[in-house]
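Working notes, structure below.
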Amino acid sequence: MDDRGNKRDLVLAPGEYAYMQDVTKGVIKTYTGPTVINPTAQERPIVFKERHFEPCSLEDAVQSSAVCPEGHYLILKNPSTKGDHPTPGGVYPSPELAVGRKINLTGPCDFALWPGQMVQLVRGHHLRSNQYLLIRVYNEEEARKNWGAAVIKPAAEAGGGGLGPAPADLTVGRLLVIKGTDVSFYIPPTGISVVPDELASYVRDALTLERLEYCILVEQNGKKRYERGPQVVFPAPTESFITKEGIRKFKAVELNELQGLHIKVIAPYDEAGRSYKEGDELFITGAETAIYFPREEHSVIRYDGRDKHFAVAIPAGEGRYVMNRKTGEISVARGPAMLLPNPIDDVIVRRVLTEKECATWYPGNTEVAQHNRNLRQLAQQTSATAPGGRPGPVTEAEIERQKKPAAAPARGAAPAASEAIVGDVLDRQNQFTPPRTIVFHQKFEGIPSVNIWVGYAVMVVDKKGGRRVEQGPKNLLLDYDESLEVVQLSTGQPKSEDNTIQTVFLRVLNNKVSDVCDVQTLDHVRVRLRYALRVNFTGDPQRWFEVENYVKFLCDHVRSVLKGFVRKQTVETFSSSAVDLVRDCVLGKPVDAGQGKAERPGMRFTENGMQVTDVEVLDVEIDDDRIDALLKQAQHEAVESNITLLRASRSLEVTRKKEELDREEAAARAETARQKAALEIEAANARLAVSLASIAGSIKEFEDKKTAVAAKNAVLDVEHAAQLQRDRATAAQQQEREAALQLLRLQALQAEVEAVARRFEAAQGGFSEALLALSNQDMLARVAEAMSVQSFVGGKTLTDVVDKVFAGTPLQGVMDKVKTKALSPSKPGGAGGNAE
């Protein structure tokens, strides 16, 4: 145990301090040595650890002052607002601290810490010419004010210039590089901090490049920078080195006239008076570029893991097939020559002979046959492994891989780090690629799509703050930086925030929202309403998504309106016409919309363009069972009264219909009788015309017979002349008598027809009863018997026939009146009396 304290006294040596806290007020005092602490009953020792105060014993409260030797600096957090420190040998109350700030203090110095302060000791940064520091601005004002207060020792190469004035841009977070070629020692001022690397080391090593070496640095925006040696390369604050297998620097590519590189131009540039555009391909050989350094505009095309292309030796008397890969034309390169084909246009191929060609061209040469068999087998293997099968000749590279399968690099494998070119590389296979066959199976491969249905809408937002609304039906394709706005919808009944779902689809047409609402009537009866709202979104689509949970917003407002409206109604009034009252409350009363139509204005929400177009009341439930029973009983009584009235009304209507049908039936029957009489008159006229035609035929026949008799008598013998003369005179007298009789018959028939016509005219008033009598089957039989041909041939007139038909019937009296009226003279002194 430490013996510096005696009982409750604590002795502090120089360079020590302790904190004592008043337990009644919480005030903390700082004691600095040399001094003696005599704590009272209201004081207790504390220490500041891990950003909070902890009580401790007197011995544990002793702390050493912060000491910063020369060549170091302290990072003090939460400095005093006055910038002071506790002086030795005193007691000091806690001052006001600038919490959250930090300052850099250069050594040598030592001081006690105020309660709540934290300190970190850092060694000053010594830099060689190939080292650098990465610093960050954390306080622009302090950095600009204290830029010149930094402890700097200029490097010998800088000529005493140092860092110079403060940069114009010292925004917070700005990264700067302190190069060892400018400064050999550096302590940052307040407002500047040194950023450590992944190994917590402040000093970083730059890259030293020798001749024929290069490195590649990549910016955060993806732009690359190529640097050649000899030089020391310091990366920019936002740059990093590209490494391969832990190596940051690479050798340049050495080429001779028999070697070349296939290059793709990936960015336009000008060189030696020539312009290169993006997409051009170059074949660089040692004849023009003996040492090749990659550049940011170039990308090396790699074939089968190899960067370099080598020439092929063609001895004298031999040759090679060279195929133009663009046109397919095959030419012959004859030796002696060193053939370095340009891979942009040319490729060396071999011809495969058939068995027949081998046997005829090289008879008995089994080696030639076997060689071509191997080539055919290789072509089949290549065609089977290549996508879609590769037709055509076998290339030289394929044969070389067949000869040395172990030494040949795997397809797509990268070469060793010492051989490969580091930079932009495009891998290519040394095989002919047939035309691609497209298979449409891109469900998870294409741009994200959203199928917006009819009546729905989504809001598309991008990272630039753009917003637009897309309505269905539509198949929406999203850009890379676009996303869909998410809305929340309350579910359940009643609607609340306790049960919500998230969706990106907003139903803008014919949306149905169901809810329940507990209301209270004027006479303090609680009623529960169940209803469904039909909602549409109108107006500017940009406002449709202004309310995150439009369902809750809608239901809350409708509940508020219904509660206020029902509070003014009695339970009897509301229960009897709840549907109409709720519709009037929510949708408004109908107004004239023109053309005899009445429409309700609906409930509109200007916040998001929402409109309630219809409301359906599903149920009205009264909480009080007794009141509900009374209302139901009153309703039953009213229904019974209405049903009784309805029955009486229906009975009256039935009676009216029956009487109306009877009147229509009588009118129809009268019309039928009238039409039958007219038809009977037409039939009588037709029969009269037939009789007249028959009489005319008889007269003509008689005249023909008379002519025949006269001709016959003319040829009689003379001796019969006297008798013939007498007969002729007798015939002439008989003819005259018959003609007179026929004339009298014609006059009699004409008079009878006129009399019948007058009888029917006189019988129009009671003819309907006569026609009704004709409906009797017995009467029809009597009519048929009386109207037979035998009756007329027997000399009976039409009047006799009619009298016989109606004799003994109720119509006999009617027919007697008709006959009497027809026989009576029509006018006094007229000729009507001679009609008979």
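Chain labels run A, B, ... following the order of the structure tokens; each chain numbers its residues from 1, and ligands are numbered from 1 in the order shown.
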
- Using only C-alpha atoms, determine which residues lie at most 12 Å from Phe574 (chain A), disregarding the query and same-chain residues fewer than 3 positions distant; provide the list as a ChimeraX atom specification. /A:519-523,525-529,562,565-571,577-582,585,620-622,631

Keeping only C-alpha atoms, write the selected residues to a file as a compact mmCIF listing (two decimals), in the first residue's frame.
# COMPACT_ATOMS: atom_id res chain seq x y z
CA VAL A 519 -70.53 7.19 -32.56
CA GLN A 520 -72.95 8.59 -29.96
CA THR A 521 -76.36 10.07 -30.75
CA LEU A 522 -78.03 13.13 -29.31
CA ASP A 523 -79.77 10.98 -26.68
CA VAL A 525 -76.90 6.03 -27.32
CA ARG A 526 -73.72 4.42 -28.65
CA VAL A 527 -73.93 3.10 -32.20
CA ARG A 528 -71.29 1.19 -34.16
CA LEU A 529 -71.17 1.86 -37.91
CA LEU A 562 -69.35 11.08 -38.60
CA PHE A 565 -72.78 14.61 -37.43
CA VAL A 566 -74.41 11.72 -35.50
CA ARG A 567 -74.06 13.66 -32.24
CA LYS A 568 -76.81 15.96 -33.55
CA GLN A 569 -79.25 13.14 -34.40
CA THR A 570 -81.57 11.13 -32.16
CA VAL A 571 -81.23 7.37 -32.18
CA SER A 577 -82.50 6.46 -42.17
CA ALA A 578 -78.88 5.69 -41.33
CA VAL A 579 -77.82 5.05 -44.93
CA ASP A 580 -79.10 8.36 -46.29
CA LEU A 581 -77.76 10.32 -43.33
CA VAL A 582 -74.29 8.77 -43.60
CA CYS A 585 -72.64 13.48 -44.20
CA VAL A 620 -75.61 -0.24 -37.97
CA GLU A 621 -75.30 -1.83 -34.53
CA ILE A 622 -76.78 -0.30 -31.34
CA LEU A 631 -86.56 0.25 -32.11

- Shell of 7 Å around region 230-240 of chain A, only C-alpha atoms, local chain residues under 6 positions omitted, as a list in words: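 Answer for this query is Asn130, Leu134, Leu175, Leu176, Val177, Ala206, Leu207, Thr208, Leu209, Glu210, Arg211, Leu217, Val218, Glu219 and Gln220 of chain A.
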
Prev. selection, C-alpha atoms, output as a compact mmCIF listing (two decimals), in the first residue's frame:
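Writing the result to again.txt gives the following:
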# COMPACT_ATOMS: atom_id res chain seq x y z
CA ASN A 130 10.59 8.46 -50.25
CA LEU A 134 -1.52 11.90 -45.25
CA LEU A 175 -6.89 15.34 -47.44
CA LEU A 176 -3.40 16.63 -48.15
CA VAL A 177 -0.07 14.91 -48.74
CA ALA A 206 6.17 6.20 -51.40
CA LEU A 207 7.08 4.04 -54.42
CA THR A 208 10.55 4.31 -55.87
CA LEU A 209 10.68 3.41 -59.55
CA GLU A 210 13.85 2.49 -61.37
CA ARG A 211 14.39 2.63 -65.10
CA LEU A 217 -2.42 4.53 -59.50
CA VAL A 218 -6.22 4.59 -59.52
CA GLU A 219 -8.31 7.53 -58.38
CA GLN A 220 -11.54 7.10 -56.45

- Distance query Phe48 (chain A) at most 12 Å, only C-alpha atoms, self and fewer than 2 positions along chain excluded, as a list in words: Ala18, Tyr19, Met20, Gln21, Ile28, Thr30, Pro45, Ile46, Glu50, Arg51, His52, Phe53, Glu54, Pro55, Cys56, Asp60, Ala61, Val62, Gln63, Leu113, Trp114, Pro115, Gly116, Gln117, Met118 and Val119 of chain A

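Among the candidates A:Ala686, A:Cys517, A:Val508, A:Ala532, the residue lying nearest to Met610 (chain A) is A:Val508 (atoms considered: only C-alpha atoms).
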
- Task: Give the answer as one residue: which of A:Thr40, A:Thr366, A:Ser65, A:Asn536 has the shortest atom-to-atom distance to Glu16 (chain A), using only C-alpha atoms?
- Result: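 Using only C-alpha atoms, the shortest distance to Glu16 (chain A) belongs to A:Ser65.
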
- Item | Non-local contacts of Trp453 (chain A) (12 Å; only C-alpha atoms; under 6 positions in same chain excluded) as a VMD selection string | chain A and resid 470 to 476 505 to 509

So that I have them on file, write out the residues from the current selection with N, CA, C and O atoms, as a PDB file, in the first residue's frame.
ATOM      1  N   GLU A 470     -45.914   7.097 -62.400  1.00  0.00           N
ATOM      2  CA  GLU A 470     -46.251   6.263 -63.544  1.00  0.00           C
ATOM      3  C   GLU A 470     -47.546   5.521 -63.235  1.00  0.00           C
ATOM      4  O   GLU A 470     -47.697   4.941 -62.165  1.00  0.00           O
ATOM      5  N   GLN A 471     -48.501   5.571 -64.194  1.00  0.00           N
ATOM      6  CA  GLN A 471     -49.800   4.946 -64.011  1.00  0.00           C
ATOM      7  C   GLN A 471     -49.943   3.752 -64.949  1.00  0.00           C
ATOM      8  O   GLN A 471     -49.370   3.727 -66.044  1.00  0.00           O
ATOM      9  N   GLY A 472     -50.698   2.758 -64.489  1.00  0.00           N
ATOM     10  CA  GLY A 472     -50.924   1.565 -65.272  1.00  0.00           C
ATOM     11  C   GLY A 472     -52.065   1.741 -66.263  1.00  0.00           C
ATOM     12  O   GLY A 472     -52.835   2.698 -66.170  1.00  0.00           O
ATOM     13  N   PRO A 473     -52.168   0.845 -67.242  1.00  0.00           N
ATOM     14  CA  PRO A 473     -51.296  -0.323 -67.421  1.00  0.00           C
ATOM     15  C   PRO A 473     -49.992   0.057 -68.110  1.00  0.00           C
ATOM     16  O   PRO A 473     -50.005   0.757 -69.118  1.00  0.00           O
ATOM     17  N   LYS A 474     -48.905  -0.390 -67.539  1.00  0.00           N
ATOM     18  CA  LYS A 474     -47.601  -0.039 -68.091  1.00  0.00           C
ATOM     19  C   LYS A 474     -46.552  -0.993 -67.554  1.00  0.00           C
ATOM     20  O   LYS A 474     -46.625  -1.426 -66.411  1.00  0.00           O
ATOM     21  N   ASN A 475     -45.652  -1.290 -68.363  1.00  0.00           N
ATOM     22  CA  ASN A 475     -44.492  -2.074 -67.950  1.00  0.00           C
ATOM     23  C   ASN A 475     -43.347  -1.113 -67.756  1.00  0.00           C
ATOM     24  O   ASN A 475     -42.812  -0.566 -68.708  1.00  0.00           O
ATOM     25  N   LEU A 476     -42.958  -0.888 -66.528  1.00  0.00           N
ATOM     26  CA  LEU A 476     -41.981   0.145 -66.175  1.00  0.00           C
ATOM     27  C   LEU A 476     -40.600  -0.463 -66.052  1.00  0.00           C
ATOM     28  O   LEU A 476     -40.405  -1.449 -65.345  1.00  0.00           O
ATOM     29  N   PHE A 505     -47.339   0.210 -54.675  1.00  0.00           N
ATOM     30  CA  PHE A 505     -48.448   0.386 -55.594  1.00  0.00           C
ATOM     31  C   PHE A 505     -49.585   1.134 -54.897  1.00  0.00           C
ATOM     32  O   PHE A 505     -50.030   0.743 -53.823  1.00  0.00           O
ATOM     33  N   LEU A 506     -50.030   2.192 -55.530  1.00  0.00           N
ATOM     34  CA  LEU A 506     -51.132   3.008 -55.018  1.00  0.00           C
ATOM     35  C   LEU A 506     -52.340   2.787 -55.910  1.00  0.00           C
ATOM     36  O   LEU A 506     -52.292   3.025 -57.125  1.00  0.00           O
ATOM     37  N   ARG A 507     -53.447   2.320 -55.310  1.00  0.00           N
ATOM     38  CA  ARG A 507     -54.702   2.117 -56.059  1.00  0.00           C
ATOM     39  C   ARG A 507     -55.368   3.474 -56.225  1.00  0.00           C
ATOM     40  O   ARG A 507     -55.836   4.074 -55.248  1.00  0.00           O
ATOM     41  N   VAL A 508     -55.410   3.973 -57.454  1.00  0.00           N
ATOM     42  CA  VAL A 508     -55.912   5.322 -57.709  1.00  0.00           C
ATOM     43  C   VAL A 508     -57.324   5.325 -58.266  1.00  0.00           C
ATOM     44  O   VAL A 508     -57.940   6.385 -58.354  1.00  0.00           O
ATOM     45  N   LEU A 509     -57.856   4.183 -58.676  1.00  0.00           N
ATOM     46  CA  LEU A 509     -59.210   4.115 -59.225  1.00  0.00           C
ATOM     47  C   LEU A 509     -60.000   3.027 -58.504  1.00  0.00           C
ATOM     48  O   LEU A 509     -59.509   1.901 -58.334  1.00  0.00           O
TER      49      LEU A 509
END

- Message: For a test of reading the model, state the distance in Å between CA of Val450 (chain A) and CA of Val486 (chain A), rounded to one decimal.
- Response: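 Computing it gives 13.9 Å between the two atoms.
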
- Task: Just the helix (DSSP H, G or I) stuff from region 450-584 of chain A, please, per backbone DSSP, written as a PyMOL selection string.
- Result: chain A and resi 541-543+550-566+571-576+578-584

- Message: Applying 9 Å and only C-alpha atoms, which residues near Tyr92 (chain A) remain after dropping the ones on its own chain fewer than 5 positions away? List them as a ChimeraX atom specification.
- Response: /A:28-32,86-87

- Message: To one decimal place in Å, what is the distance between CA of Ala722 (chain A) and CA of Ala739 (chain A)?
- Response: 25.8 Å

- Exercise: Glu599 (chain A) partners within 9 Å, only C-alpha atoms, chain neighbours under 4 positions left out, as a PyMOL selection string: chain A and resi 589-593

- Message: To test your reading of the structure, identify every residue in region 454-573 of chain A that backbone DSSP assigns to strand (DSSP E or B), and report it as a count of residues only.
- Response: 51

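Picture a line from CA of Val756 (chain A) to CA of Thr672 (chain A); it runs 21.7 Å.
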